[in-house]
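Peer 1: Sharing coords_19.cif (mmCIF, C-alpha atoms and all ligand atoms) below.
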```cif
data_work
loop_
_atom_site.label_atom_id
_atom_site.label_comp_id
_atom_site.auth_asym_id
_atom_site.auth_seq_id
_atom_site.Cartn_x
_atom_site.Cartn_y
_atom_site.Cartn_z
CA MET A 1 77.38 -36.42 9.28
CA ASN A 2 74.33 -38.09 10.73
CA GLN A 3 75.11 -39.22 14.27
CA PHE A 4 71.64 -40.80 14.58
CA PRO A 5 71.37 -43.09 11.52
CA ASN A 6 68.59 -45.28 12.89
CA LEU A 7 66.54 -42.98 15.12
CA LEU A 8 64.00 -41.96 12.49
CA SER A 9 63.28 -45.50 11.31
CA GLU A 10 63.05 -46.72 14.91
CA ALA A 11 60.66 -43.84 15.69
CA ASP A 12 58.60 -44.87 12.65
CA GLU A 13 58.18 -48.30 14.23
CA LEU A 14 56.86 -46.62 17.37
CA LEU A 15 54.38 -44.49 15.38
CA PRO A 16 51.40 -46.90 15.38
CA GLU A 17 51.46 -47.08 19.18
CA ALA A 18 51.90 -43.29 19.41
CA ILE A 19 48.86 -42.84 17.15
CA ARG A 20 46.82 -45.26 19.26
CA LEU A 21 47.70 -43.37 22.47
CA ARG A 22 47.15 -39.97 20.90
CA ARG A 23 43.71 -40.95 19.59
CA ASP A 24 42.73 -42.40 22.95
CA LEU A 25 43.69 -39.10 24.66
CA HIS A 26 42.00 -37.12 21.90
CA ALA A 27 38.71 -38.93 22.47
CA HIS A 28 38.95 -38.34 26.24
CA PRO A 29 40.28 -34.79 26.75
CA GLU A 30 40.64 -33.28 30.23
CA LEU A 31 41.03 -29.68 31.42
CA GLY A 32 43.39 -27.80 33.69
CA LEU A 33 45.57 -29.14 36.46
CA ASP A 34 43.60 -32.30 37.25
CA LEU A 35 43.83 -34.86 34.44
CA PRO A 36 43.38 -38.25 36.16
CA ARG A 37 42.55 -40.28 33.04
CA THR A 38 45.41 -38.76 31.03
CA GLN A 39 47.81 -39.35 33.92
CA ALA A 40 46.71 -43.00 34.15
CA ALA A 41 47.23 -43.43 30.39
CA VAL A 42 50.77 -42.03 30.68
CA LEU A 43 51.59 -44.28 33.64
CA ALA A 44 50.32 -47.34 31.76
CA ALA A 45 52.22 -46.40 28.60
CA ILE A 46 55.59 -46.06 30.37
CA ASN A 47 55.03 -48.99 32.71
CA GLY A 48 57.73 -51.64 32.39
CA LEU A 49 60.42 -49.25 31.11
CA GLY A 50 62.15 -49.25 34.49
CA LEU A 51 61.86 -45.49 34.90
CA ASN A 52 61.85 -43.83 38.30
CA VAL A 53 58.29 -42.45 38.32
CA THR A 54 56.67 -39.91 40.66
CA THR A 55 53.31 -38.17 40.39
CA GLY A 56 52.35 -34.63 41.38
CA LYS A 57 50.69 -33.55 44.64
CA SER A 58 48.91 -30.34 43.63
CA LEU A 59 48.39 -31.44 40.02
CA SER A 60 48.18 -34.72 38.08
CA SER A 61 51.68 -34.51 36.64
CA VAL A 62 54.07 -37.37 35.95
CA VAL A 63 57.85 -37.09 36.32
CA ALA A 64 59.73 -40.10 34.96
CA ILE A 65 63.50 -40.40 35.16
CA LEU A 66 65.69 -42.58 32.97
CA ASP A 67 69.00 -42.96 34.79
CA SER A 68 71.84 -44.41 32.74
CA GLY A 69 73.81 -45.13 35.91
CA ARG A 70 76.77 -43.32 34.32
CA PRO A 71 77.83 -39.78 35.16
CA GLY A 72 76.70 -37.18 32.66
CA PRO A 73 74.26 -34.35 32.04
CA THR A 74 70.61 -34.16 33.01
CA VAL A 75 68.29 -33.44 30.10
CA LEU A 76 64.64 -32.52 30.70
CA LEU A 77 62.07 -33.26 27.98
CA ARG A 78 58.62 -31.75 28.43
CA GLY A 79 55.19 -32.64 27.03
CA ASP A 80 52.02 -30.82 28.10
CA MET A 81 48.82 -32.82 28.60
CA ASP A 82 45.73 -30.60 28.86
CA ALA A 83 42.89 -29.78 26.44
CA LEU A 84 40.73 -26.67 25.89
CA PRO A 85 37.17 -25.79 26.96
CA MET A 86 35.59 -25.68 23.50
CA PRO A 87 33.48 -27.84 21.18
CA GLU A 88 35.11 -30.08 18.55
CA ASP A 89 33.87 -30.00 14.94
CA THR A 90 36.52 -32.06 13.15
CA GLY A 91 34.29 -35.02 12.31
CA LEU A 92 37.18 -37.37 13.20
CA GLU A 93 36.18 -40.90 14.18
CA PHE A 94 38.15 -40.41 17.40
CA ALA A 95 36.72 -36.92 18.05
CA SER A 96 36.16 -35.81 21.65
CA SER A 97 33.58 -37.80 23.56
CA VAL A 98 33.47 -35.07 26.22
CA GLU A 99 30.98 -32.29 25.50
CA GLY A 100 32.65 -28.87 25.28
CA VAL A 101 36.22 -30.13 25.68
CA MET A 102 38.71 -30.59 22.82
CA HIS A 103 42.40 -31.31 22.33
CA ALA A 104 42.62 -28.33 19.95
CA CYS A 105 46.26 -27.49 20.70
CA GLY A 106 47.68 -30.97 20.03
CA HIS A 107 48.83 -31.64 23.58
CA ASP A 108 47.53 -35.21 23.04
CA ALA A 109 50.24 -35.58 20.37
CA HIS A 110 52.84 -34.04 22.70
CA VAL A 111 52.09 -36.71 25.33
CA ALA A 112 52.24 -39.51 22.73
CA MET A 113 55.56 -38.23 21.35
CA LEU A 114 57.13 -37.98 24.80
CA VAL A 115 55.98 -41.51 25.66
CA GLY A 116 57.47 -42.67 22.35
CA ALA A 117 60.74 -40.92 23.18
CA ALA A 118 60.87 -42.73 26.55
CA HIS A 119 60.61 -46.08 24.72
CA LEU A 120 63.20 -45.05 22.12
CA LEU A 121 65.68 -43.79 24.71
CA ARG A 122 65.24 -46.91 26.82
CA ALA A 123 66.23 -48.93 23.73
CA HIS A 124 69.36 -46.76 23.43
CA ASP A 125 70.26 -46.56 27.12
CA ASP A 126 73.64 -48.20 26.49
CA GLU A 127 74.60 -45.02 24.55
CA LEU A 128 73.28 -42.71 27.23
CA ARG A 129 75.21 -40.93 29.97
CA GLY A 130 73.56 -39.01 32.78
CA ARG A 131 69.80 -38.82 33.19
CA VAL A 132 66.71 -37.94 31.17
CA VAL A 133 63.73 -36.37 32.96
CA PHE A 134 60.39 -36.83 31.20
CA MET A 135 58.10 -33.98 32.35
CA PHE A 136 54.43 -34.75 31.66
CA GLN A 137 52.70 -31.48 32.52
CA PRO A 138 49.04 -30.61 33.09
CA GLY A 139 47.63 -27.09 33.05
CA GLU A 140 49.50 -25.39 30.21
CA GLU A 141 46.41 -23.54 28.91
CA GLY A 142 46.57 -20.66 31.38
CA ASP A 143 46.85 -22.71 34.58
CA HIS A 144 50.62 -22.33 35.18
CA GLY A 145 51.16 -26.11 35.43
CA ALA A 146 54.89 -25.78 34.75
CA ARG A 147 55.23 -23.40 37.70
CA PHE A 148 53.50 -25.87 40.02
CA MET A 149 55.79 -28.67 38.82
CA ILE A 150 58.84 -26.46 39.43
CA ASP A 151 57.51 -25.75 42.95
CA GLU A 152 57.24 -29.52 43.45
CA GLY A 153 60.88 -29.98 42.40
CA VAL A 154 60.86 -31.19 38.78
CA LEU A 155 64.04 -29.21 38.06
CA GLU A 156 65.91 -30.97 40.90
CA ALA A 157 64.31 -34.42 40.55
CA ALA A 158 67.44 -35.89 38.95
CA GLY A 159 70.04 -33.29 39.87
CA PRO A 160 70.39 -29.87 38.23
CA VAL A 161 69.00 -29.75 34.68
CA ASP A 162 71.66 -28.98 32.04
CA MET A 163 69.28 -28.69 29.10
CA ALA A 164 65.49 -28.44 28.85
CA PHE A 165 63.67 -29.11 25.62
CA ALA A 166 60.05 -28.95 24.44
CA ILE A 167 58.17 -29.40 21.18
CA HIS A 168 54.90 -27.71 20.20
CA GLN A 169 53.07 -29.00 17.15
CA SER A 170 51.42 -26.64 14.65
CA PRO A 171 49.21 -27.44 11.64
CA SER A 172 50.06 -23.93 10.40
CA LEU A 173 53.58 -25.10 9.51
CA PRO A 174 54.66 -27.57 6.78
CA ASN A 175 54.40 -31.19 7.88
CA GLY A 176 57.48 -32.58 9.61
CA MET A 177 59.49 -29.35 9.55
CA VAL A 178 61.07 -27.86 12.67
CA PHE A 179 61.07 -24.13 13.45
CA THR A 180 62.75 -22.23 16.25
CA LYS A 181 64.97 -19.25 17.06
CA GLY A 182 67.43 -18.12 19.70
CA GLY A 183 66.29 -15.54 22.25
CA THR A 184 62.65 -14.56 22.59
CA LEU A 185 60.34 -17.17 21.03
CA LEU A 186 56.93 -16.30 22.49
CA ALA A 187 55.36 -13.31 24.23
CA SER A 188 54.28 -12.68 27.79
CA ALA A 189 50.52 -12.40 28.29
CA ASP A 190 49.12 -10.37 31.20
CA GLU A 191 45.47 -9.55 31.80
CA ILE A 192 44.54 -6.01 32.90
CA PHE A 193 41.44 -4.81 34.74
CA ILE A 194 40.75 -1.08 35.15
CA ASP A 195 37.90 0.24 37.30
CA VAL A 196 36.84 3.89 36.99
CA LYS A 197 34.75 4.97 39.94
CA GLY A 198 32.87 8.27 39.69
CA ARG A 199 29.53 9.38 41.13
CA GLY A 200 26.26 8.40 39.51
CA GLY A 201 23.19 10.53 38.83
CA HIS A 202 20.72 11.84 36.27
CA ALA A 203 21.94 11.84 32.68
CA SER A 204 20.40 15.31 32.16
CA MET A 205 22.50 16.84 34.95
CA PRO A 206 26.06 15.55 34.51
CA TYR A 207 27.51 18.51 36.48
CA GLN A 208 26.01 16.91 39.62
CA THR A 209 27.87 13.66 38.94
CA ILE A 210 31.35 12.39 38.13
CA ASP A 211 30.66 10.54 34.87
CA PRO A 212 33.05 7.55 34.64
CA ILE A 213 32.32 6.86 30.96
CA PRO A 214 34.25 9.71 29.29
CA VAL A 215 37.09 9.05 31.75
CA ALA A 216 37.16 5.40 30.69
CA CYS A 217 37.12 6.40 27.01
CA GLU A 218 40.03 8.75 27.61
CA ILE A 219 41.97 5.96 29.31
CA VAL A 220 41.39 3.54 26.42
CA LEU A 221 42.70 6.05 23.86
CA ALA A 222 45.57 7.19 26.08
CA ILE A 223 46.75 3.57 26.36
CA GLN A 224 47.20 3.36 22.58
CA SER A 225 49.08 6.69 22.50
CA MET A 226 51.25 5.48 25.39
CA VAL A 227 52.22 2.31 23.47
CA THR A 228 53.31 4.29 20.41
CA ARG A 229 55.19 6.98 22.41
CA LYS A 230 56.80 4.99 25.21
CA VAL A 231 57.64 1.58 23.72
CA ASP A 232 60.71 0.96 21.56
CA VAL A 233 59.38 -0.33 18.22
CA PHE A 234 62.19 -2.90 18.16
CA ASP A 235 61.07 -4.26 21.53
CA PRO A 236 57.34 -4.16 20.85
CA ALA A 237 54.15 -4.49 22.85
CA VAL A 238 50.51 -5.06 22.03
CA VAL A 239 47.87 -3.72 24.42
CA THR A 240 44.33 -4.58 23.40
CA ILE A 241 41.28 -3.41 25.32
CA ALA A 242 38.80 -6.06 24.31
CA HIS A 243 36.02 -5.58 26.83
CA VAL A 244 34.44 -2.37 28.19
CA THR A 245 31.29 -2.21 30.31
CA ALA A 246 29.38 0.63 31.98
CA GLY A 247 25.83 1.75 32.58
CA THR A 248 22.38 0.27 32.19
CA THR A 249 20.21 2.72 30.25
CA SER A 250 20.15 6.10 28.47
CA ASN A 251 19.14 8.42 31.32
CA VAL A 252 21.34 7.17 34.15
CA ILE A 253 24.99 8.07 34.68
CA PRO A 254 26.50 5.00 36.34
CA GLU A 255 28.92 5.06 39.22
CA VAL A 256 31.52 2.74 37.69
CA ALA A 257 33.02 1.80 34.30
CA HIS A 258 35.11 -1.34 33.72
CA ILE A 259 37.93 -1.85 31.21
CA HIS A 260 39.43 -5.26 30.50
CA GLY A 261 42.28 -6.19 28.18
CA THR A 262 45.49 -8.07 27.45
CA VAL A 263 49.16 -7.00 27.34
CA ARG A 264 51.64 -8.88 25.12
CA THR A 265 55.37 -8.15 25.18
CA VAL A 266 58.52 -9.95 24.07
CA SER A 267 60.87 -8.78 26.81
CA ALA A 268 60.73 -8.57 30.59
CA ARG A 269 61.87 -4.93 30.30
CA THR A 270 58.92 -3.81 28.15
CA ARG A 271 56.55 -5.97 30.18
CA GLN A 272 57.50 -3.99 33.30
CA LEU A 273 57.53 -0.66 31.43
CA ILE A 274 53.93 -1.18 30.26
CA GLN A 275 52.77 -2.00 33.79
CA ASP A 276 54.45 1.13 35.21
CA GLU A 277 53.11 3.39 32.45
CA LEU A 278 49.59 1.95 32.74
CA GLU A 279 49.57 2.57 36.48
CA ARG A 280 50.61 6.21 36.06
CA LEU A 281 48.25 6.86 33.18
CA VAL A 282 45.18 5.24 34.76
CA THR A 283 45.48 6.94 38.15
CA GLY A 284 46.50 10.26 36.54
CA ILE A 285 43.54 10.42 34.15
CA GLY A 286 41.17 9.42 36.97
CA ASP A 287 42.62 12.19 39.18
CA ALA A 288 42.34 14.77 36.42
CA HIS A 289 38.57 14.26 36.37
CA GLY A 290 37.99 13.73 40.07
CA ALA A 291 37.31 10.01 39.58
CA LEU A 292 39.10 7.10 41.23
CA ALA A 293 40.67 4.92 38.53
CA THR A 294 42.52 1.78 39.60
CA LEU A 295 44.55 -0.80 37.72
CA ARG A 296 44.82 -4.50 38.52
CA VAL A 297 47.24 -6.69 36.58
CA LEU A 298 46.69 -10.45 36.56
CA PRO A 299 50.11 -11.82 35.62
CA GLY A 300 50.03 -14.49 32.91
CA PHE A 301 52.96 -16.43 31.49
CA PRO A 302 56.30 -14.65 31.23
CA VAL A 303 58.19 -14.24 27.94
CA THR A 304 59.48 -17.57 26.57
CA VAL A 305 63.19 -17.11 25.92
CA ASN A 306 65.31 -19.77 24.24
CA ASP A 307 68.90 -19.80 25.42
CA GLU A 308 70.89 -18.59 22.38
CA ALA A 309 73.51 -21.34 22.57
CA ALA A 310 70.96 -24.06 23.35
CA ALA A 311 68.78 -22.97 20.41
CA GLU A 312 71.73 -22.94 18.03
CA TRP A 313 72.77 -26.39 19.24
CA THR A 314 69.18 -27.66 18.96
CA VAL A 315 69.05 -26.49 15.34
CA SER A 316 72.28 -28.39 14.61
CA VAL A 317 70.86 -31.59 16.15
CA ALA A 318 67.58 -31.19 14.20
CA VAL A 319 69.50 -30.57 10.95
CA ASP A 320 71.61 -33.65 11.62
CA LEU A 321 68.50 -35.76 12.25
CA LEU A 322 66.09 -34.40 9.62
CA GLY A 323 68.22 -32.62 7.02
CA ALA A 324 68.99 -28.93 6.50
CA ASP A 325 65.91 -28.35 4.33
CA GLN A 326 63.62 -29.49 7.17
CA VAL A 327 64.77 -26.98 9.80
CA LEU A 328 64.13 -23.23 9.68
CA GLU A 329 65.22 -20.42 11.97
CA MET A 330 62.29 -18.06 12.60
CA PRO A 331 62.85 -14.35 11.86
CA THR A 332 60.59 -13.09 14.65
CA PRO A 333 58.89 -14.30 17.83
CA VAL A 334 55.22 -15.29 17.93
CA MET A 335 52.82 -13.21 20.10
CA GLY A 336 51.27 -16.33 21.66
CA ALA A 337 52.40 -17.41 25.13
CA GLU A 338 53.58 -20.67 26.71
CA ASP A 339 54.29 -21.73 30.28
CA PHE A 340 57.48 -23.60 29.30
CA SER A 341 58.72 -20.01 29.86
CA TYR A 342 58.91 -20.83 33.59
CA VAL A 343 61.28 -23.74 32.89
CA LEU A 344 63.44 -21.59 30.59
CA GLU A 345 63.61 -18.85 33.24
CA ASN A 346 65.37 -21.36 35.50
CA VAL A 347 67.50 -23.57 33.24
CA PRO A 348 69.02 -23.22 29.76
CA GLY A 349 67.10 -24.83 26.96
CA ALA A 350 65.02 -24.41 23.86
CA MET A 351 61.53 -24.94 22.52
CA VAL A 352 60.73 -25.73 18.90
CA PHE A 353 57.63 -25.87 16.72
CA LEU A 354 56.96 -29.03 14.70
CA GLY A 355 54.87 -28.64 11.53
CA THR A 356 51.84 -30.94 11.42
CA CYS A 357 49.89 -29.62 8.42
CA PRO A 358 47.52 -32.35 7.16
CA ASP A 359 48.33 -33.88 3.74
CA ASP A 360 45.10 -32.55 2.22
CA ALA A 361 45.57 -28.96 3.49
CA GLU A 362 47.81 -25.93 2.88
CA PHE A 363 49.75 -24.81 5.93
CA THR A 364 48.83 -21.17 5.25
CA THR A 365 45.11 -21.93 5.46
CA ALA A 366 44.90 -25.12 7.59
CA ALA A 367 42.70 -24.77 10.68
CA PRO A 368 45.15 -23.51 13.32
CA ASN A 369 45.69 -24.49 16.95
CA HIS A 370 42.69 -23.56 19.12
CA SER A 371 40.32 -23.95 16.15
CA ASN A 372 37.29 -26.22 16.60
CA ARG A 373 38.37 -27.79 13.27
CA MET A 374 42.08 -28.26 14.08
CA VAL A 375 43.40 -31.52 12.61
CA LEU A 376 47.06 -32.50 12.88
CA ASN A 377 49.17 -34.79 10.73
CA GLU A 378 50.02 -37.77 12.92
CA THR A 379 52.94 -38.86 10.73
CA ALA A 380 54.95 -35.89 12.07
CA MET A 381 54.88 -37.51 15.50
CA ALA A 382 57.62 -39.94 14.39
CA LYS A 383 59.90 -36.94 13.80
CA GLY A 384 58.95 -35.49 17.17
CA ILE A 385 59.76 -38.78 18.92
CA ALA A 386 63.11 -39.01 17.13
CA LEU A 387 63.93 -35.36 17.86
CA TYR A 388 63.23 -35.68 21.60
CA ALA A 389 65.51 -38.74 21.69
CA ALA A 390 68.20 -37.13 19.52
CA ILE A 391 68.38 -34.10 21.84
CA ALA A 392 68.89 -36.34 24.88
CA LEU A 393 71.44 -38.60 23.16
CA ALA A 394 73.40 -35.75 21.60
CA ARG A 395 73.57 -33.80 24.87
CA SER A 396 74.63 -36.94 26.69
CA SER A 397 77.55 -37.52 24.31
CA GLN A 398 78.93 -33.98 24.73
NI NI A 401 49.58 -25.61 23.24
#
```
Using structure tokens, write down the structure from this file.

Peer 2:
Amino acid sequence: MNQFPNLLSEADELLPEAIRLRRDLHAHPELGLDLPRTQAAVLAAINGLGLNVTTGKSLSSVVAILDSGRPGPTVLLRGDMDALPMPEDTGLEFASSVEGVMHACGHDAHVAMLVGAAHLLRAHDDELRGRVVFMFQPGEEGDHGARFMIDEGVLEAAGPVDMAFAIHQSPSLPNGMVFTKGGTLLASADEIFIDVKGRGGHASMPYQTIDPIPVACEIVLAIQSMVTRKVDVFDPAVVTIAHVTAGTTSNVIPEVAHIHGTVRTVSARTRQLIQDELERLVTGIGDAHGALATLRVLPGFPVTVNDEAAAEWTVSVAVDLLGADQVLEMPTPVMGAEDFSYVLENVPGAMVFLGTCPDDAEFTTAAPNHSNRMVLNETAMAKGIALYAAIALARSSQ
């Protein structure tokens, strides 16, 4: 039974305005935690809806609350707002007007969909109980914006959050389809820096030095052996050393070698295991050769974990709204990372992917997120608007 018979057609009516807003943001992308123009566009777009609006202190976030005035649950809907530091080569008429900055992850569409959902839910506020928190978040691309918003109280802004929900668009999925899974959805991503300090000297007399280069090579190979011997294959990890530097010329043994890489895991347990094993391995191999090898871990986003019950319920709402053939449960997590993980560490909820493959492309070969040629299908935004609203309305009627 469809409990939302009109939501999709009402969202379709909101699509032209969503497209206008999305294209405006697309042409004027901003980076990181400070997005003044994007913030102003959001404030203008939700002006007049009677929402209780506050803006961030340490970042240009917007928190807007729709309060039904009736007791009921608090549902948080999140849309991220920031772009990427890269050139755009889409040839779109509304392509970026800012050199070296592009909305290549579709966060412009996320903002437009969340604004659309605020309008749609306002039109349905007589059916709503409790409160809806619209979380417009800067700094998703590595800047931990969600964590800053949590520090500034977004999860208590309208009382404890009962359900948090987010959508991420992807041109690598069929247009208009929704994908998610219970449990781990996305990986953690930590950066590692290893310094190997030896003693420099003449390349012809290595016995007078402590050559850091073979020590560094040994560490790089030992890391790969460690991953295969210490990590449960059903709780996997990827450690990639992508950047190694040492030395200046052929006849000088340098004092130091540097190793730089990324660690991806899909559980907090393996994330910690890798850090502990790396620490032991790096210092141990350094010691074995009389060098001083040190590890520094720069923590990135934690694992994004959908609450099992919330994900299952989200799938049922999406099926009800869009039809069973438009919703797919994913067999495995994706090794990308997402800072909605911070929200899901604190409150139950779920994140989904919305397919936005362009009509003239194949989803298997369409330019993906973070490509300089990424183009998304704007028609899918109507489904995103309707899905945000359906989640809030369905939760409110429970
Ligand atoms: Ni993104």

Peer 1: Would you pick out the contacts of Pro299 (chain A) at 8 Å or less, using all atoms listed in the file, so that residues sharing its chain but fewer than 3 positions from it are not included, and give the list as an MDAnalysis selection string?

Peer 2: chainID A and resid 189:191

Peer 1: Find, counting all atoms listed in the file, the residue in A:Val101, A:Ser396, A:Ser96, A:Ile385 that gets nearest to Gly79 (chain A).

Peer 2: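 Using all atoms listed in the file, the shortest distance to Gly79 (chain A) belongs to A:Ile385.
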
Peer 1: Could you give me, as a PyMOL selection string, the residues within 8 Å of Ala222 (chain A), counting only C-alpha atoms and dropping anything in the same chain fewer than 4 positions from it?

Peer 2: chain A and resi 218+226+281

Peer 1: Could you list, as a list of chain:residue names, all residues that come within 8 Å of ligand NI 401 (chain A)? Count all atoms listed in the file.

Peer 2: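 What falls inside 8 Å of ligand NI 401 (chain A) is A:Asp80, A:Cys105, A:Gly106, A:His107, A:Glu140, A:Glu141, A:His168, A:Gln169, A:Glu338, A:Asn369.
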
Peer 1: Got a sec: who's within 10 Å of region 117-122 of chain A, counting only C-alpha atoms, leaving out chain neighbours fewer than 3 positions off, as an mmCIF file with C-alpha atoms, in the frame of the given file?

Peer 2:
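Saved the output as around_10.cif:
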```cif
data_model
loop_
_atom_site.group_PDB
_atom_site.id
_atom_site.type_symbol
_atom_site.label_atom_id
_atom_site.label_comp_id
_atom_site.auth_asym_id
_atom_site.auth_seq_id
_atom_site.Cartn_x
_atom_site.Cartn_y
_atom_site.Cartn_z
ATOM 1 C CA LEU A 7 66.540 -42.980 15.120
ATOM 2 C CA GLU A 10 63.050 -46.720 14.910
ATOM 3 C CA ALA A 11 60.660 -43.840 15.690
ATOM 4 C CA GLU A 13 58.180 -48.300 14.230
ATOM 5 C CA LEU A 14 56.860 -46.620 17.370
ATOM 6 C CA ALA A 18 51.900 -43.290 19.410
ATOM 7 C CA ALA A 45 52.220 -46.400 28.600
ATOM 8 C CA ILE A 46 55.590 -46.060 30.370
ATOM 9 C CA GLY A 48 57.730 -51.640 32.390
ATOM 10 C CA LEU A 49 60.420 -49.250 31.110
ATOM 11 C CA GLY A 50 62.150 -49.250 34.490
ATOM 12 C CA LEU A 51 61.860 -45.490 34.900
ATOM 13 C CA ALA A 64 59.730 -40.100 34.960
ATOM 14 C CA ILE A 65 63.500 -40.400 35.160
ATOM 15 C CA LEU A 66 65.690 -42.580 32.970
ATOM 16 C CA ASP A 67 69.000 -42.960 34.790
ATOM 17 C CA SER A 68 71.840 -44.410 32.740
ATOM 18 C CA LEU A 77 62.070 -33.260 27.980
ATOM 19 C CA VAL A 111 52.090 -36.710 25.330
ATOM 20 C CA ALA A 112 52.240 -39.510 22.730
ATOM 21 C CA MET A 113 55.560 -38.230 21.350
ATOM 22 C CA LEU A 114 57.130 -37.980 24.800
ATOM 23 C CA ASP A 125 70.260 -46.560 27.120
ATOM 24 C CA ASP A 126 73.640 -48.200 26.490
ATOM 25 C CA GLU A 127 74.600 -45.020 24.550
ATOM 26 C CA LEU A 128 73.280 -42.710 27.230
ATOM 27 C CA VAL A 132 66.710 -37.940 31.170
ATOM 28 C CA VAL A 133 63.730 -36.370 32.960
ATOM 29 C CA PHE A 134 60.390 -36.830 31.200
ATOM 30 C CA ALA A 382 57.620 -39.940 14.390
ATOM 31 C CA GLY A 384 58.950 -35.490 17.170
ATOM 32 C CA ILE A 385 59.760 -38.780 18.920
ATOM 33 C CA ALA A 386 63.110 -39.010 17.130
ATOM 34 C CA LEU A 387 63.930 -35.360 17.860
ATOM 35 C CA TYR A 388 63.230 -35.680 21.600
ATOM 36 C CA ALA A 389 65.510 -38.740 21.690
ATOM 37 C CA ALA A 390 68.200 -37.130 19.520
ATOM 38 C CA ALA A 392 68.890 -36.340 24.880
ATOM 39 C CA LEU A 393 71.440 -38.600 23.160
#
```

Peer 1: How many Å lie between CA of Gly182 (chain A) and CA of Thr228 (chain A), rounded to one decimal?

Peer 2: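 So the answer is 26.5 Å.
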